[in-house]
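Below: the structure, in structure tokens.
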Amino acid sequence: MAQISITVDGAALKLEADQRPTHIFADNKDVVVCRVNGALKDLWTELSDGDVVESIVISSPDGLAVLRHSTAHVMAQAVQEVYANTRLGIGPPIKDGFYYDFDPVNTFNPDDLVKIESAMRKIVKEGQRFRRRVTTEAEALKELAHEPYKCELIGIKGPAGEEASVEVGGSELTIYDNLGRDGNPVWSDLCRGPHLPSTKHIPAFKLMRTAAAYWRGSEKNPMLQRIYGTAWPSQDELNAYLELLAEAEKRDHRRLGTELDLFSFPEEIGSGLAVFHPKGGIVRRAMEDYSRIRHEEENYEFVYSPHLTKAALFETSGHLQWYADGMYPPMILDEELNADGTVRKPGQQYYMKPMNCPFHNLIYKSRGRSYRELPLRLFEFGTVYRYEKSGVLHGITRARGFTQDDAHIYCTKEQMVGELDSLLTFVLNLLRDYGLNEFYLELSTKNEEKFVGEDADWAEATEALRKAATAQNLELVLDEGGAAFYGPKISVQAKDAIGRTWQMSTIQVDFQLPQRFELEYSASDGTRQRPVMIHRALFGSIERFFGVLTEHYSGAFPPWLAPVQAIGIPVADTFSDYLGDVIKAMRKAGIRAELDASDDRMQKKVRNAQMQKIPFMVIAGEEDQKAGAVSFRYRNGEQKNGIPIADAIAEIKKVVAERTQV
Ligand SMILES: [Zn+2]
Ligand SMILES: [Zn+2]
């Protein structure tokens with residue numbers, strides 16, 4: 001047989017022409033897929049002379065995506081085995097797992113998942129090979145005549161959206177056959193691939209839940225049933241993932257928001273619109289107060305702007321052209337009618353604001369500006385309204401009404417580099433003050449297809465952001481071509497206590513708005529110049545940051561943020577008066593302290609305080625009273641006895657002032 005020469009993971013190799021990657025990597029079970037000349041391919045792919053082959057292990061990002069998509073594929077096979085006449089939608093991999101959309105005869109229930117999972121285990125055990133078969137549009141339409149959704153995908157020319165690209169969107173239309181033990185196909189699916197070599201390469205998986213989902217994400221289309229699942233390279237990793245989910249569930253801010261009486265979403269107001277209760281209000285105000293002080297120290301100037309505006313402002317800013325979908329529909333106001341009902345004077349359209357920037361530009365423009373005033377840093381706790389799809393709403397971390405800690409910085413080109421550098425330092429230090437300590441940065445650069453402004457300005461701003469980022473000694477991830485059309489951006493990603501990443505602050509350079517609003521300043525040489533504009537939200541929104549901190553701390557806020565910092569618990573009723581005086585002294589010293597004067601027994605009071613995650617339980621019994629002292633019991637159950645009252649007050653005040661956790 002003829003021989004071919006190829007390169008495998010950088011090394012030259014000669015082999016028989018009928019050998020495939022699956023043979024080359026037969027000894028390494030971790031290799032589940034490969035790249036051939038840069039393109040992701042099945043291990044069963046045929047090789048040609050001169051091919052450059054790279055092995056891909058199951059635990060790599062590509063390997064995980066292929067594992068998860070292959071598992072989705074097996075799930076679809078199992079669903080059709082158990083429930084014949086179920087129609088198939090799409091089944092892409094997603095973060096940590098996969099889903100597949102189905103049009104079933106009957107809606108799936110939790111028992112169905114158990115049945116489907118056990119059918120999947122059988123398929124996995126059988127070790128069915130995934131075999132790729134190239135087809136034509138006409139053939140595929142004939143073969144898949146009973147699958148209307150797949151037929152629709154075949155008809156879509158070009159990219160069918162990111163998720164549908166798993167099925168079609170490659171240069172060839174392909175169907176994958178699953179081969180049973182006898183080598184004959186037992187099931188087929190329209191799919192671009194690639195897949196694992198066989199179903200037995202799926203080490204660990206679990207089906208998670210079902211949800212309703214519109215076909216291809218549009219409410220104009222039929223409602224399908226989505227099954228979510230997860231798959232991992234080992235049972236241990238699956239177990240660790242399930243534990244993380246359980247931990248996240250315990251910390252879920254929506255649940256803690258109710259348990260700790262922080263906020264709620266009354267049905268009467270509408271979805272995505274929260275009210276903050278007194279306890280949540282205290283946390284929020286503590287967050288805002290500290291932020292305000294720090295911003296004042298950094299020479300930000302505080303401004304205010306209304307919640308709604310005439311449409312013209314968002315026409316000038318461009319929001320109505322490119323952001324209208326995310327805005328609440330307009331109100332028509334001030335229309336005047338004649339007696340016969342005809343319009344004498346047409347009404348004005350008013351919009352709720354989705355962003356604060358245009359308002360700040362008007363403040364900038366309210367009078368002439370000199371270079372001496374720059375950088376001008378305008379700050380607002382600006383409440384905005386965005387019409388988010390109900391499917392993406394998630395407690396206060398993704399809401400329809402929220403308050404941004406929004407700032408716009410106007411500076412000269414020469415000031416930009418220094419401004420971005422000090423801004424990033426300020427942002428990171430402030431996040432650290434709130435207790436987040438692990439970060440990485442993401443730099444989004446120009447999309448060559450779509451941008452406004454001059455190349456040189458982009459290059460300079462991107463370089464300035466890169467320099468500022470590098471100076472932080474943090475991991476920097478490049479999001480090549482990921483910038484919005486109006487300027488490059490840095491985003492700060494923070495890790496929480498259980499290792500989840502949250503996008504926090506963004507620092508965004510904008511070449512567009514100064515132009516649209518014709519912003520100017522007079523330079524030192526008397527010429528009129530255009531300022532550089534930087535958008536910067538530090539928390540993102542106060543609500544979202546509140547939610548993130550609630551989950552990060554699992555509701556056990558550090559004392560400076562805790563709604564109640566200290567609660568007095570008398571050992572018995574007799575000591576209530578004494579302890580009441582101590583609590584009064586604490587309140588006088590500025591500590592948020594309360595006395596539990598309920599009829600509950602002491603042990604019950606301690607349990608309640610634990611449930612409320614109050615940092616300091618201040619306990620007093622006979623010995624304490626005699627000594628003019630109290631005992632502290634901390635959230636971790638540790639106790640410290642006989643603390644003189646003045647020392648107790650000083651200890652609480654110290655941790656509050658230093659914003660440390662106890
Ligand atoms: Zn597939
Ligand atoms: Zn802005």
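If you're wondering about the labels, chains in the structure tokens are A, B, ... by order shown, residues count from 1 in each chain, ligands from 1 in order shown.
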
Residues of stretch 346-413 of chain A in strand (DSSP E or B) according to DSSP, as a ChimeraX atom specification? /A:348-352,370,376-385,394,398,401-411

What residues of the protein or nucleic acid chains come within 6 Å of ligand 1 when you use only C-alpha atoms and all ligand atoms? Reply as a count of residues only. 4

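Nearest residue to ligand 2 among A:Glu296, A:Asp510, A:Asp599, A:Glu315 is A:Asp510, counting only C-alpha atoms and all ligand atoms.
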
Sorted by chain and rising residue number, which residues of chain A lie within 8 Å of ligand 2, and what are their closest atom pairs and distances in Å to one decimal, counting only C-alpha atoms and all ligand atoms, as a Markdown table?
| residue | atom | partner | partner_atom_place_in_ligand_line | distance |
| --- | --- | --- | --- | --- |
| A:Met355 | CA | ligand 2 | 1 (Zn) | 6.4 |
| A:Asn356 | CA | ligand 2 | 1 (Zn) | 5.9 |
| A:Cys357 | CA | ligand 2 | 1 (Zn) | 4.1 |
| A:Pro358 | CA | ligand 2 | 1 (Zn) | 7.6 |
| A:Asp406 | CA | ligand 2 | 1 (Zn) | 6.9 |
| A:Ala407 | CA | ligand 2 | 1 (Zn) | 7.0 |
| A:His408 | CA | ligand 2 | 1 (Zn) | 6.2 |
| A:Ile534 | CA | ligand 2 | 1 (Zn) | 7.6 |
| A:His535 | CA | ligand 2 | 1 (Zn) | 4.5 |
| A:Arg536 | CA | ligand 2 | 1 (Zn) | 6.7 |
| A:Ala537 | CA | ligand 2 | 1 (Zn) | 7.8 |

Taking 6 positions as the minimum chain separation for residues in the same chain, which residues sit within 10 Å of A:Pro563 when counting only C-alpha atoms? Answer as a list in words.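 In the requested form, the answer reads Leu260, Leu262, Pro278, Lys279, Gly280, Gly281, Ile282, Val283, Arg284, Arg285, Ala286, Phe557, Arg592, Ala593, Gln612, Lys613, Ile614 and Pro615 of chain A.
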
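Computed from the coordinates, the atom CA of A:Ile591 to atom CA of A:Arg432 distance equals 23.2 Å.
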
Which of these residues is nearest to A:Ser390, using only C-alpha atoms: A:Leu224, A:Leu67, A:Ile490, A:Ala213? A:Ala213

Which of stretch 381-566 of chain A end up as alpha helix (DSSP H) when DSSP is run on this backbone - answer as an MDAnalysis selection string? chainID A and resid 413:433 455:470 513:516 542:552

Skip A:Ala312 itself and residues of its chain fewer than 6 positions away, then list as a PyMOL selection string all residues within 10 Å of it, counting only C-alpha atoms. chain A and resi 318+320+348-351

Okay, now the selection with N, CA and C atoms, as a short mmCIF file (atom, residue, chain, number, x, y, z; two decimals), in the first residue's frame?
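Result went into selection_8.cif, see below:
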data_model
loop_
_atom_site.label_atom_id
_atom_site.label_comp_id
_atom_site.auth_asym_id
_atom_site.auth_seq_id
_atom_site.Cartn_x
_atom_site.Cartn_y
_atom_site.Cartn_z
N GLY A 318 -27.61 58.09 18.59
CA GLY A 318 -27.58 56.89 17.75
C GLY A 318 -28.25 55.69 18.41
N LEU A 320 -31.29 55.09 19.09
CA LEU A 320 -32.52 54.62 18.43
C LEU A 320 -32.20 53.86 17.15
N GLN A 348 -45.31 64.34 21.20
CA GLN A 348 -43.86 64.13 21.26
C GLN A 348 -43.59 62.72 21.77
N GLN A 349 -42.58 62.08 21.20
CA GLN A 349 -42.19 60.77 21.74
C GLN A 349 -41.18 60.97 22.87
N TYR A 350 -41.46 60.31 23.98
CA TYR A 350 -40.51 60.30 25.10
C TYR A 350 -40.07 58.87 25.36
N TYR A 351 -38.80 58.70 25.68
CA TYR A 351 -38.26 57.37 25.99
C TYR A 351 -37.69 57.34 27.40
#
